[in-house]
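Trainee: Data file start.txt (compact mmCIF, C-alpha atoms and all ligand atoms) is appended below.
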# COMPACT_ATOMS: atom_id res chain seq x y z
CA MET A 1 -9.14 -22.68 -25.49
CA THR A 2 -8.76 -22.32 -21.75
CA SER A 3 -6.85 -19.17 -20.86
CA TRP A 4 -3.99 -19.37 -18.37
CA GLN A 5 -6.04 -17.35 -15.87
CA ASN A 6 -8.60 -20.16 -15.78
CA MET A 7 -5.83 -22.68 -15.21
CA ALA A 8 -4.36 -20.53 -12.41
CA GLU A 9 -7.75 -20.13 -10.77
CA ARG A 10 -8.32 -23.89 -10.86
CA MET A 11 -4.83 -24.61 -9.50
CA VAL A 12 -5.46 -22.27 -6.56
CA ARG A 13 -8.88 -23.76 -5.82
CA GLU A 14 -8.04 -27.45 -6.17
CA GLN A 15 -4.43 -27.66 -5.00
CA ILE A 16 -4.03 -24.76 -2.59
CA ALA A 17 -7.30 -23.58 -1.01
CA ALA A 18 -8.46 -27.21 -0.82
CA ARG A 19 -5.37 -28.05 1.27
CA GLY A 20 -6.07 -25.35 3.82
CA ILE A 21 -4.22 -22.24 2.65
CA ARG A 22 -6.46 -19.37 3.81
CA SER A 23 -4.37 -16.22 3.20
CA GLU A 24 -6.33 -14.13 0.69
CA GLY A 25 -3.11 -12.38 -0.32
CA VAL A 26 -1.43 -15.67 -1.23
CA LEU A 27 -4.45 -17.04 -3.10
CA LYS A 28 -4.86 -13.83 -5.11
CA ALA A 29 -1.15 -13.56 -5.90
CA MET A 30 -1.01 -17.13 -7.18
CA MET A 31 -4.01 -16.52 -9.41
CA SER A 32 -2.31 -13.48 -10.90
CA VAL A 33 1.17 -14.86 -11.74
CA PRO A 34 1.60 -16.58 -15.14
CA ARG A 35 3.46 -19.68 -13.85
CA HIS A 36 3.87 -21.05 -17.39
CA LEU A 37 6.21 -18.17 -18.26
CA PHE A 38 8.72 -19.41 -15.67
CA LEU A 39 9.16 -22.79 -17.37
CA PRO A 40 11.08 -23.94 -20.42
CA PRO A 41 8.74 -23.66 -23.48
CA SER A 42 8.46 -27.46 -23.77
CA LEU A 43 6.91 -27.64 -20.28
CA GLU A 44 4.59 -24.63 -20.46
CA GLU A 45 1.54 -26.82 -20.83
CA SER A 46 2.37 -28.71 -17.64
CA ALA A 47 2.78 -25.52 -15.62
CA TRP A 48 -0.39 -25.95 -13.54
CA ILE A 49 -0.02 -29.57 -12.45
CA ASP A 50 0.29 -30.59 -8.80
CA SER A 51 4.02 -31.26 -8.92
CA PRO A 52 7.50 -29.72 -9.08
CA LEU A 53 8.96 -29.53 -12.62
CA PRO A 54 12.50 -29.44 -14.04
CA ILE A 55 13.87 -26.02 -15.04
CA GLY A 56 17.32 -27.11 -16.26
CA GLU A 57 20.67 -27.32 -14.43
CA ASP A 58 19.21 -30.20 -12.36
CA GLN A 59 16.97 -27.74 -10.52
CA THR A 60 13.19 -27.55 -10.13
CA ILE A 61 10.34 -25.08 -9.83
CA SER A 62 8.51 -26.01 -6.61
CA GLN A 63 5.09 -27.61 -6.48
CA PRO A 64 2.41 -24.86 -6.35
CA TYR A 65 1.15 -25.91 -2.89
CA ILE A 66 4.68 -25.70 -1.45
CA VAL A 67 5.10 -22.15 -2.83
CA ALA A 68 1.74 -21.23 -1.27
CA LYS A 69 2.59 -22.75 2.13
CA MET A 70 6.04 -21.14 2.35
CA THR A 71 4.54 -17.77 1.33
CA GLU A 72 1.75 -18.05 3.89
CA LEU A 73 4.29 -18.78 6.63
CA LEU A 74 6.40 -15.80 5.54
CA SER A 75 3.27 -13.57 5.33
CA PRO A 76 4.85 -10.67 3.42
CA GLU A 77 3.10 -7.30 3.62
CA GLU A 78 2.92 -4.56 1.00
CA GLY A 79 6.21 -2.63 0.86
CA GLU A 80 8.22 -5.08 2.99
CA GLU A 81 11.81 -5.98 2.10
CA ILE A 82 12.13 -9.70 1.44
CA LEU A 83 15.23 -11.77 0.69
CA GLU A 84 14.85 -15.04 -1.16
CA ILE A 85 17.68 -17.58 -1.34
CA GLY A 86 17.33 -19.87 -4.38
CA THR A 87 15.71 -17.90 -7.23
CA GLY A 88 15.52 -20.91 -9.56
CA SER A 89 12.82 -20.16 -12.12
CA GLY A 90 11.86 -16.85 -10.48
CA TYR A 91 8.27 -17.98 -9.85
CA GLN A 92 8.40 -17.72 -6.04
CA SER A 93 9.89 -14.20 -6.34
CA ALA A 94 7.06 -13.21 -8.69
CA VAL A 95 4.47 -14.40 -6.16
CA LEU A 96 6.14 -12.32 -3.42
CA ALA A 97 6.27 -9.30 -5.73
CA ALA A 98 2.59 -9.76 -6.59
CA MET A 99 1.88 -9.36 -2.86
CA GLY A 100 3.60 -5.98 -2.95
CA ALA A 101 6.91 -7.07 -1.40
CA ARG A 102 10.24 -5.59 -2.50
CA VAL A 103 12.24 -8.68 -3.33
CA THR A 104 15.95 -9.40 -3.55
CA SER A 105 16.67 -12.95 -4.68
CA LEU A 106 19.99 -14.82 -4.71
CA GLU A 107 20.81 -17.63 -7.14
CA ARG A 108 24.14 -19.51 -7.18
CA ILE A 109 23.84 -20.81 -10.78
CA ARG A 110 24.62 -18.05 -13.21
CA THR A 111 22.46 -19.23 -16.14
CA LEU A 112 19.41 -19.49 -13.84
CA ALA A 113 20.05 -16.06 -12.33
CA GLU A 114 20.07 -14.67 -15.86
CA SER A 115 17.01 -16.50 -17.18
CA SER A 116 14.90 -15.82 -14.08
CA GLY A 117 16.00 -12.18 -14.08
CA LYS A 118 14.80 -11.89 -17.68
CA ALA A 119 11.46 -13.60 -17.02
CA LEU A 120 10.80 -11.34 -14.03
CA ALA A 121 11.82 -8.16 -15.86
CA GLY A 122 9.64 -9.17 -18.81
CA LEU A 123 6.63 -9.25 -16.49
CA GLY A 124 7.57 -5.96 -14.83
CA CYS A 125 8.15 -7.62 -11.44
CA ALA A 126 10.01 -5.55 -8.84
CA VAL A 127 12.65 -8.18 -8.10
CA LYS A 128 16.42 -7.78 -7.93
CA VAL A 129 18.09 -11.08 -8.87
CA LEU A 130 21.76 -11.47 -7.91
CA TRP A 131 24.14 -14.23 -8.98
CA SER A 132 25.30 -14.98 -5.47
CA ASP A 133 25.73 -17.73 -2.87
CA GLY A 134 23.17 -17.40 -0.10
CA THR A 135 25.12 -19.40 2.46
CA GLU A 136 28.39 -17.88 3.64
CA GLY A 137 29.31 -16.21 0.37
CA GLY A 138 26.81 -13.50 -0.38
CA ARG A 139 25.45 -11.79 2.68
CA PRO A 140 23.45 -8.71 1.60
CA GLU A 141 23.28 -5.79 3.99
CA GLY A 142 19.58 -5.85 4.78
CA PRO A 143 17.74 -5.49 7.08
CA PHE A 144 14.78 -7.54 5.86
CA HIS A 145 11.24 -8.14 7.05
CA GLY A 146 11.51 -11.66 5.75
CA VAL A 147 14.04 -14.24 4.56
CA LEU A 148 12.76 -17.19 2.53
CA VAL A 149 15.11 -20.06 1.73
CA THR A 150 13.85 -22.25 -1.13
CA ALA A 151 16.52 -24.97 -1.11
CA ALA A 152 17.04 -27.69 1.50
CA ALA A 153 19.34 -26.40 4.23
CA PRO A 154 21.37 -28.86 6.33
CA GLU A 155 21.59 -26.21 9.06
CA LEU A 156 20.69 -22.58 9.77
CA GLU A 157 23.18 -19.94 8.62
CA GLU A 158 23.47 -17.41 11.44
CA TRP A 159 23.22 -14.38 9.21
CA TRP A 160 19.75 -15.34 7.94
CA SER A 161 18.45 -14.54 11.44
CA GLU A 162 20.79 -11.58 11.98
CA VAL A 163 19.53 -9.63 8.94
CA LEU A 164 15.91 -9.80 10.20
CA LEU A 165 14.19 -6.77 11.69
CA PRO A 166 12.32 -7.26 14.99
CA GLY A 167 9.08 -9.02 14.02
CA GLY A 168 10.81 -10.36 10.88
CA ARG A 169 10.27 -13.93 9.69
CA LEU A 170 12.65 -16.60 8.42
CA VAL A 171 11.14 -19.57 6.55
CA VAL A 172 13.46 -22.43 5.64
CA PRO A 173 13.18 -26.14 4.75
CA LEU A 174 15.60 -27.72 7.23
CA SER A 175 16.89 -31.26 6.80
CA VAL A 176 15.47 -33.73 9.31
CA ALA A 177 16.78 -37.14 10.38
CA SER A 178 14.16 -39.06 8.38
CA GLY A 179 15.68 -37.85 5.10
CA GLY A 180 13.43 -35.05 3.84
CA GLN A 181 13.02 -31.60 5.30
CA ARG A 182 10.58 -29.75 7.50
CA MET A 183 9.60 -26.10 7.17
CA LEU A 184 10.83 -23.97 10.04
CA LEU A 185 9.19 -20.60 10.73
CA ARG A 186 11.37 -18.42 12.92
CA VAL A 187 9.96 -15.08 14.11
CA LYS A 188 12.47 -12.64 15.52
CA ILE A 189 11.28 -11.11 18.78
CA ARG A 190 14.40 -8.93 19.29
CA GLY A 191 18.14 -9.45 19.52
CA LYS A 192 18.74 -13.19 19.62
CA ASN A 193 15.24 -13.98 20.87
CA TYR A 194 13.25 -16.08 18.44
CA ASP A 195 9.98 -17.95 18.33
CA ASP A 196 10.48 -21.17 16.29
CA THR A 197 7.64 -23.37 15.01
CA TRP A 198 7.71 -26.44 12.75
CA HIS A 199 5.35 -26.95 9.83
CA ASP A 200 4.95 -29.19 6.72
CA TYR A 201 7.40 -31.86 5.63
CA CYS A 202 8.76 -31.22 2.13
CA ARG A 203 11.49 -32.12 -0.36
CA PHE A 204 13.59 -29.36 -1.91
CA VAL A 205 16.78 -29.57 -3.98
CA PRO A 206 19.84 -29.06 -1.76
CA LEU A 207 21.31 -25.73 -0.76
CA LEU A 208 24.91 -25.84 -1.99
CA LYS A 209 27.89 -23.64 -1.23
CA GLY A 210 29.68 -21.46 -3.77
CA ARG A 211 28.63 -19.96 -7.12
CA ARG A 212 28.52 -21.86 -10.40
CA GLY A 213 29.19 -20.29 -13.82
CA GLN A 214 31.71 -18.18 -15.66
CA GLU A 215 32.62 -14.64 -14.68
CA THR A 216 31.65 -12.11 -17.35
CA GLU A 217 34.44 -11.48 -19.82
CA GLU A 218 35.40 -7.84 -20.02
N1 LIG A 301 12.25 -20.64 -5.63
C1 LIG A 301 12.49 -21.44 -6.80
C2 LIG A 301 12.83 -22.87 -6.44
C3 LIG A 301 14.18 -23.14 -6.97
S1 LIG A 301 14.97 -24.63 -6.58
C4 LIG A 301 11.38 -21.33 -7.83
O1 LIG A 301 10.36 -20.68 -7.55
O2 LIG A 301 11.55 -21.82 -8.94
C5 LIG A 301 16.29 -24.03 -5.56
C6 LIG A 301 17.29 -23.11 -6.20
O3 LIG A 301 18.21 -22.76 -5.18
C7 LIG A 301 18.09 -23.70 -7.34
O4 LIG A 301 17.98 -22.89 -8.47
C8 LIG A 301 19.52 -23.70 -6.80
O5 LIG A 301 20.51 -23.44 -7.78
C9 LIG A 301 19.47 -22.59 -5.78
N2 LIG A 301 20.50 -22.64 -4.73
C10 LIG A 301 21.01 -23.75 -4.11
N3 LIG A 301 21.96 -23.39 -3.22
C11 LIG A 301 22.04 -22.03 -3.26
C12 LIG A 301 22.84 -21.06 -2.57
N4 LIG A 301 23.75 -21.39 -1.66
N5 LIG A 301 22.66 -19.75 -2.87
C13 LIG A 301 21.75 -19.36 -3.81
N6 LIG A 301 20.98 -20.24 -4.50
C14 LIG A 301 21.12 -21.54 -4.22
Please, can you express the file's structure as structure tokens?
Mentor:
Amino acid sequence: MTSWQNMAERMVREQIAARGIRSEGVLKAMMSVPRHLFLPPSLEESAWIDSPLPIGEDQTISQPYIVAKMTELLSPEEGEEILEIGTGSGYQSAVLAAMGARVTSLERIRTLAESSGKALAGLGCAVKVLWSDGTEGGRPEGPFHGVLVTAAAPELEEWWSEVLLPGGRLVVPLSVASGGQRMLLRVKIRGKNYDDTWHDYCRFVPLLKGRRGQETEE
């Protein structure tokens, strides 16, 4: 039987390196994370295909190439503080953690925050998952070296840029007129000075306001 490491190696070679991702850190991290453990058991066998997959609650785990591209744009370094908005399955957080980043990840749907938190803890990943709204509702103190938004944003929230350190990066799929989204990489020079560049077109599930789920009963 083919082990998952072989599947991961093949995914990285055929879907990611072949499409021009060069960052050694990203390629290595994506070979080392067991993507199948972030999926519902019935979909484990499909984990390595070139596509997003459903994870319940009408949400998806992103296509492997998209995870790789967003991570390459963010370029996290060992020991850096990274904020993710949209934990979903937890797979993207695990890739960031595998690169040595210290990750805080916000998820608005309670059941997903819980299941991804469990999957990440089970693998010993250094990720703090919070059931929180990453738009106006749940601004963490920061500062961060990087902010990665993994849901389609209609517009930029100001605080995503404000919590960045000088030299910090914000990566976000921003809605464009044609219907999908385009990845924006914003590098903070200092203060309100930014260097913005546009990258791949993509299609994420929407960023929505407010939390969903029941409060814990005492
Ligand atoms: N990074 C994820 C992709 C998840 S899909 C992965 O690797 O699997 C996007 C996720 O963003 C969904 O789980 C959705 O519930 C969440 N989301 C949408 N709007 C949000 C918001 N305002 N705050 C936090 N999470 C949000």
Trainee: Give me the residues within 7 Å of segment 101-106 of chain A as a list in words, counting only C-alpha atoms and dropping any in the same chain fewer than 4 places off.
Mentor: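 Residues near the query, excluding close chain neighbours: Pro76, Glu77, Glu78, Gly79, Glu80, Glu81, Ile82, Leu83, Glu84, Ile85, Gly86, Thr87, Ser93, Leu96, Ala97, Ala126, Val127, Lys128, Val129, Leu130, Trp131, Ser132, Asp133 and Gly134 of chain A.
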Trainee: Using only C-alpha atoms, which of the listed residues (A:Pro143, A:Gly122, A:Gly167, A:Gly137) sits closest to Leu74 of chain A?
Mentor: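 Looking only at the distances to Leu74 of chain A, the closest residue turns out to be A:Gly167.
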Trainee: Set out as JSON lines a contact list for chain A and ligand LIG 301 (chain A) with a cut-off of 6 Å, giving each residue of chain A that qualifies its closest atom pair and distance in Å to one decimal, counting all atoms listed in the file, ordered by chain and rising residue number.
Mentor:
{"residue": "A:Gln59", "atom": "CA", "partner": "A:LIG301", "partner_atom": "C7", "distance": 5.3}
{"residue": "A:Thr60", "atom": "CA", "partner": "A:LIG301", "partner_atom": "S1", "distance": 4.9}
{"residue": "A:Ile61", "atom": "CA", "partner": "A:LIG301", "partner_atom": "O2", "distance": 3.6}
{"residue": "A:Ser62", "atom": "CA", "partner": "A:LIG301", "partner_atom": "C2", "distance": 5.3}
{"residue": "A:Ile85", "atom": "CA", "partner": "A:LIG301", "partner_atom": "C13", "distance": 5.1}
{"residue": "A:Gly86", "atom": "CA", "partner": "A:LIG301", "partner_atom": "O3", "distance": 3.1}
{"residue": "A:Thr87", "atom": "CA", "partner": "A:LIG301", "partner_atom": "N1", "distance": 4.7}
{"residue": "A:Gly88", "atom": "CA", "partner": "A:LIG301", "partner_atom": "O4", "distance": 3.3}
{"residue": "A:Ser89", "atom": "CA", "partner": "A:LIG301", "partner_atom": "O2", "distance": 3.8}
{"residue": "A:Gly90", "atom": "CA", "partner": "A:LIG301", "partner_atom": "O1", "distance": 5.1}
{"residue": "A:Tyr91", "atom": "CA", "partner": "A:LIG301", "partner_atom": "O1", "distance": 4.1}
{"residue": "A:Gln92", "atom": "CA", "partner": "A:LIG301", "partner_atom": "O1", "distance": 3.9}
{"residue": "A:Leu106", "atom": "CA", "partner": "A:LIG301", "partner_atom": "C13", "distance": 5.0}
{"residue": "A:Glu107", "atom": "CA", "partner": "A:LIG301", "partner_atom": "N6", "distance": 3.7}
{"residue": "A:Arg108", "atom": "CA", "partner": "A:LIG301", "partner_atom": "C13", "distance": 4.1}
{"residue": "A:Ile109", "atom": "CA", "partner": "A:LIG301", "partner_atom": "O5", "distance": 5.2}
{"residue": "A:Ser132", "atom": "CA", "partner": "A:LIG301", "partner_atom": "C13", "distance": 5.9}
{"residue": "A:Asp133", "atom": "CA", "partner": "A:LIG301", "partner_atom": "N5", "distance": 3.7}
{"residue": "A:Gly134", "atom": "CA", "partner": "A:LIG301", "partner_atom": "N5", "distance": 3.7}
{"residue": "A:Thr135", "atom": "CA", "partner": "A:LIG301", "partner_atom": "N4", "distance": 4.8}
{"residue": "A:Thr150", "atom": "CA", "partner": "A:LIG301", "partner_atom": "N1", "distance": 5.0}
{"residue": "A:Ala151", "atom": "CA", "partner": "A:LIG301", "partner_atom": "C5", "distance": 4.6}
{"residue": "A:Val205", "atom": "CA", "partner": "A:LIG301", "partner_atom": "C5", "distance": 5.8}
{"residue": "A:Pro206", "atom": "CA", "partner": "A:LIG301", "partner_atom": "C10", "distance": 5.9}
{"residue": "A:Leu207", "atom": "CA", "partner": "A:LIG301", "partner_atom": "N3", "distance": 3.5}
{"residue": "A:Leu208", "atom": "CA", "partner": "A:LIG301", "partner_atom": "N3", "distance": 4.0}
{"residue": "A:Lys209", "atom": "CA", "partner": "A:LIG301", "partner_atom": "N4", "distance": 4.7}
Trainee: What does the structure give for the distance between atom CA of Gln214 of chain A and atom CA of Glu155 of chain A, in Å to one decimal?
Mentor: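 Atom CA of Glu155 of chain A lies at a distance of 27.9 Å from atom CA of Gln214 of chain A.
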Trainee: Find the residues around segment 12-24 of chain A up to 12 Å (all atoms listed in the file counted), leave out those fewer than 2 positions away in its own chain, and share them as a PDB file with C-alpha atoms, keeping the file's coordinate frame.
Mentor:
ATOM      1  CA  GLN A   5      -6.040 -17.350 -15.870  1.00  0.00           C
ATOM      2  CA  ASN A   6      -8.600 -20.160 -15.780  1.00  0.00           C
ATOM      3  CA  MET A   7      -5.830 -22.680 -15.210  1.00  0.00           C
ATOM      4  CA  ALA A   8      -4.360 -20.530 -12.410  1.00  0.00           C
ATOM      5  CA  GLU A   9      -7.750 -20.130 -10.770  1.00  0.00           C
ATOM      6  CA  ARG A  10      -8.320 -23.890 -10.860  1.00  0.00           C
ATOM      7  CA  VAL A  26      -1.430 -15.670  -1.230  1.00  0.00           C
ATOM      8  CA  LEU A  27      -4.450 -17.040  -3.100  1.00  0.00           C
ATOM      9  CA  LYS A  28      -4.860 -13.830  -5.110  1.00  0.00           C
ATOM     10  CA  ALA A  29      -1.150 -13.560  -5.900  1.00  0.00           C
ATOM     11  CA  MET A  30      -1.010 -17.130  -7.180  1.00  0.00           C
ATOM     12  CA  MET A  31      -4.010 -16.520  -9.410  1.00  0.00           C
ATOM     13  CA  SER A  32      -2.310 -13.480 -10.900  1.00  0.00           C
ATOM     14  CA  VAL A  33       1.170 -14.860 -11.740  1.00  0.00           C
ATOM     15  CA  ARG A  35       3.460 -19.680 -13.850  1.00  0.00           C
ATOM     16  CA  TRP A  48      -0.390 -25.950 -13.540  1.00  0.00           C
ATOM     17  CA  ILE A  49      -0.020 -29.570 -12.450  1.00  0.00           C
ATOM     18  CA  ASP A  50       0.290 -30.590  -8.800  1.00  0.00           C
ATOM     19  CA  SER A  51       4.020 -31.260  -8.920  1.00  0.00           C
ATOM     20  CA  GLN A  63       5.090 -27.610  -6.480  1.00  0.00           C
ATOM     21  CA  PRO A  64       2.410 -24.860  -6.350  1.00  0.00           C
ATOM     22  CA  TYR A  65       1.150 -25.910  -2.890  1.00  0.00           C
ATOM     23  CA  ILE A  66       4.680 -25.700  -1.450  1.00  0.00           C
ATOM     24  CA  VAL A  67       5.100 -22.150  -2.830  1.00  0.00           C
ATOM     25  CA  ALA A  68       1.740 -21.230  -1.270  1.00  0.00           C
ATOM     26  CA  LYS A  69       2.590 -22.750   2.130  1.00  0.00           C
ATOM     27  CA  MET A  70       6.040 -21.140   2.350  1.00  0.00           C
ATOM     28  CA  THR A  71       4.540 -17.770   1.330  1.00  0.00           C
ATOM     29  CA  GLU A  72       1.750 -18.050   3.890  1.00  0.00           C
ATOM     30  CA  LEU A  73       4.290 -18.780   6.630  1.00  0.00           C
ATOM     31  CA  LEU A  74       6.400 -15.800   5.540  1.00  0.00           C
ATOM     32  CA  SER A  75       3.270 -13.570   5.330  1.00  0.00           C
ATOM     33  CA  PRO A  76       4.850 -10.670   3.420  1.00  0.00           C
ATOM     34  CA  GLU A  77       3.100  -7.300   3.620  1.00  0.00           C
ATOM     35  CA  MET A  99       1.880  -9.360  -2.860  1.00  0.00           C
ATOM     36  CA  ASP A 200       4.950 -29.190   6.720  1.00  0.00           C
TER      37      ASP A 200
END
Trainee: Name the closest residue to Gly117 of chain A among the candidates A:Phe38, A:Arg169, A:Glu57, A:Arg212; distances are taken between atoms, counting only C-alpha atoms.
Mentor: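 Ranked by minimum distance to Gly117 of chain A, first place goes to A:Phe38.
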Trainee: Which residue, A:Tyr201, A:Phe144, A:Trp160, A:Trp4, has the smallest gap to Arg186 of chain A when you use all atoms listed in the file?
Mentor: A:Trp160
Trainee: Just how far from atom CA of Pro154 of chain A is atom CA of Asp58 of chain A, in Å to one decimal?
Mentor: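 So the answer is 18.9 Å.
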Trainee: What would segment 156-165 of chain A look like with all heavy atoms in place, written as a short mmCIF file (atom, residue, chain, number, x, y, z; two decimals), keeping the file's coordinate frame?
Mentor:
data_model
loop_
_atom_site.label_atom_id
_atom_site.label_comp_id
_atom_site.auth_asym_id
_atom_site.auth_seq_id
_atom_site.Cartn_x
_atom_site.Cartn_y
_atom_site.Cartn_z
N LEU A 156 20.99 -24.01 9.89
CA LEU A 156 20.69 -22.58 9.77
C LEU A 156 21.98 -21.78 9.65
O LEU A 156 22.90 -21.98 10.45
CB LEU A 156 19.93 -22.09 11.00
CG LEU A 156 18.48 -22.53 11.15
CD1 LEU A 156 17.92 -21.98 12.46
CD2 LEU A 156 17.64 -22.05 9.97
N GLU A 157 22.06 -20.89 8.67
CA GLU A 157 23.18 -19.94 8.62
C GLU A 157 22.83 -18.81 9.60
O GLU A 157 21.69 -18.30 9.58
CB GLU A 157 23.30 -19.33 7.22
CG GLU A 157 23.74 -20.28 6.15
CD GLU A 157 25.21 -20.70 6.27
OE1 GLU A 157 26.02 -19.92 6.80
OE2 GLU A 157 25.53 -21.81 5.82
N GLU A 158 23.79 -18.42 10.44
CA GLU A 158 23.47 -17.41 11.44
C GLU A 158 22.98 -16.10 10.86
O GLU A 158 22.09 -15.45 11.39
CB GLU A 158 24.67 -17.16 12.34
CG GLU A 158 24.47 -17.82 13.70
CD GLU A 158 25.68 -17.68 14.57
OE1 GLU A 158 26.10 -16.53 14.79
OE2 GLU A 158 26.19 -18.73 15.00
N TRP A 159 23.55 -15.72 9.72
CA TRP A 159 23.22 -14.38 9.21
C TRP A 159 21.78 -14.27 8.71
O TRP A 159 21.22 -13.18 8.66
CB TRP A 159 24.22 -13.90 8.16
CG TRP A 159 24.22 -14.56 6.83
CD1 TRP A 159 25.05 -15.55 6.42
CD2 TRP A 159 23.39 -14.25 5.70
NE1 TRP A 159 24.78 -15.89 5.12
CE2 TRP A 159 23.77 -15.10 4.65
CE3 TRP A 159 22.36 -13.34 5.46
CZ2 TRP A 159 23.17 -15.08 3.39
CZ3 TRP A 159 21.76 -13.31 4.21
CH2 TRP A 159 22.15 -14.17 3.20
N TRP A 160 21.15 -15.41 8.38
CA TRP A 160 19.75 -15.34 7.94
C TRP A 160 18.88 -14.75 9.06
O TRP A 160 17.94 -14.01 8.79
CB TRP A 160 19.21 -16.73 7.59
CG TRP A 160 19.87 -17.41 6.44
CD1 TRP A 160 20.63 -16.83 5.46
CD2 TRP A 160 19.84 -18.82 6.15
NE1 TRP A 160 21.08 -17.79 4.58
CE2 TRP A 160 20.60 -19.02 4.97
CE3 TRP A 160 19.25 -19.92 6.75
CZ2 TRP A 160 20.78 -20.28 4.40
CZ3 TRP A 160 19.43 -21.19 6.19
CH2 TRP A 160 20.18 -21.35 5.02
N SER A 161 19.21 -15.08 10.30
CA SER A 161 18.45 -14.54 11.44
C SER A 161 18.92 -13.12 11.77
O SER A 161 18.13 -12.27 12.17
CB SER A 161 18.62 -15.43 12.67
OG SER A 161 18.26 -16.76 12.38
N GLU A 162 20.23 -12.89 11.61
CA GLU A 162 20.79 -11.58 11.98
C GLU A 162 20.26 -10.45 11.12
O GLU A 162 20.11 -9.33 11.58
CB GLU A 162 22.33 -11.63 11.88
CG GLU A 162 22.96 -12.47 12.98
CD GLU A 162 24.43 -12.80 12.71
OE1 GLU A 162 24.99 -12.35 11.68
OE2 GLU A 162 25.00 -13.54 13.52
N VAL A 163 19.97 -10.72 9.83
CA VAL A 163 19.53 -9.63 8.94
C VAL A 163 18.04 -9.30 9.11
O VAL A 163 17.52 -8.40 8.47
CB VAL A 163 19.80 -9.91 7.43
CG1 VAL A 163 21.28 -9.95 7.14
CG2 VAL A 163 19.10 -11.19 6.96
N LEU A 164 17.35 -10.05 10.00
CA LEU A 164 15.91 -9.80 10.20
C LEU A 164 15.67 -8.61 11.12
O LEU A 164 16.36 -8.44 12.13
CB LEU A 164 15.25 -11.02 10.84
CG LEU A 164 15.02 -12.25 9.98
CD1 LEU A 164 14.39 -13.35 10.84
CD2 LEU A 164 14.13 -11.94 8.79
N LEU A 165 14.66 -7.83 10.80
CA LEU A 165 14.19 -6.77 11.69
C LEU A 165 13.39 -7.42 12.83
O LEU A 165 12.91 -8.55 12.67
CB LEU A 165 13.25 -5.84 10.90
CG LEU A 165 13.94 -4.96 9.86
CD1 LEU A 165 12.95 -4.49 8.81
CD2 LEU A 165 14.58 -3.77 10.57
#
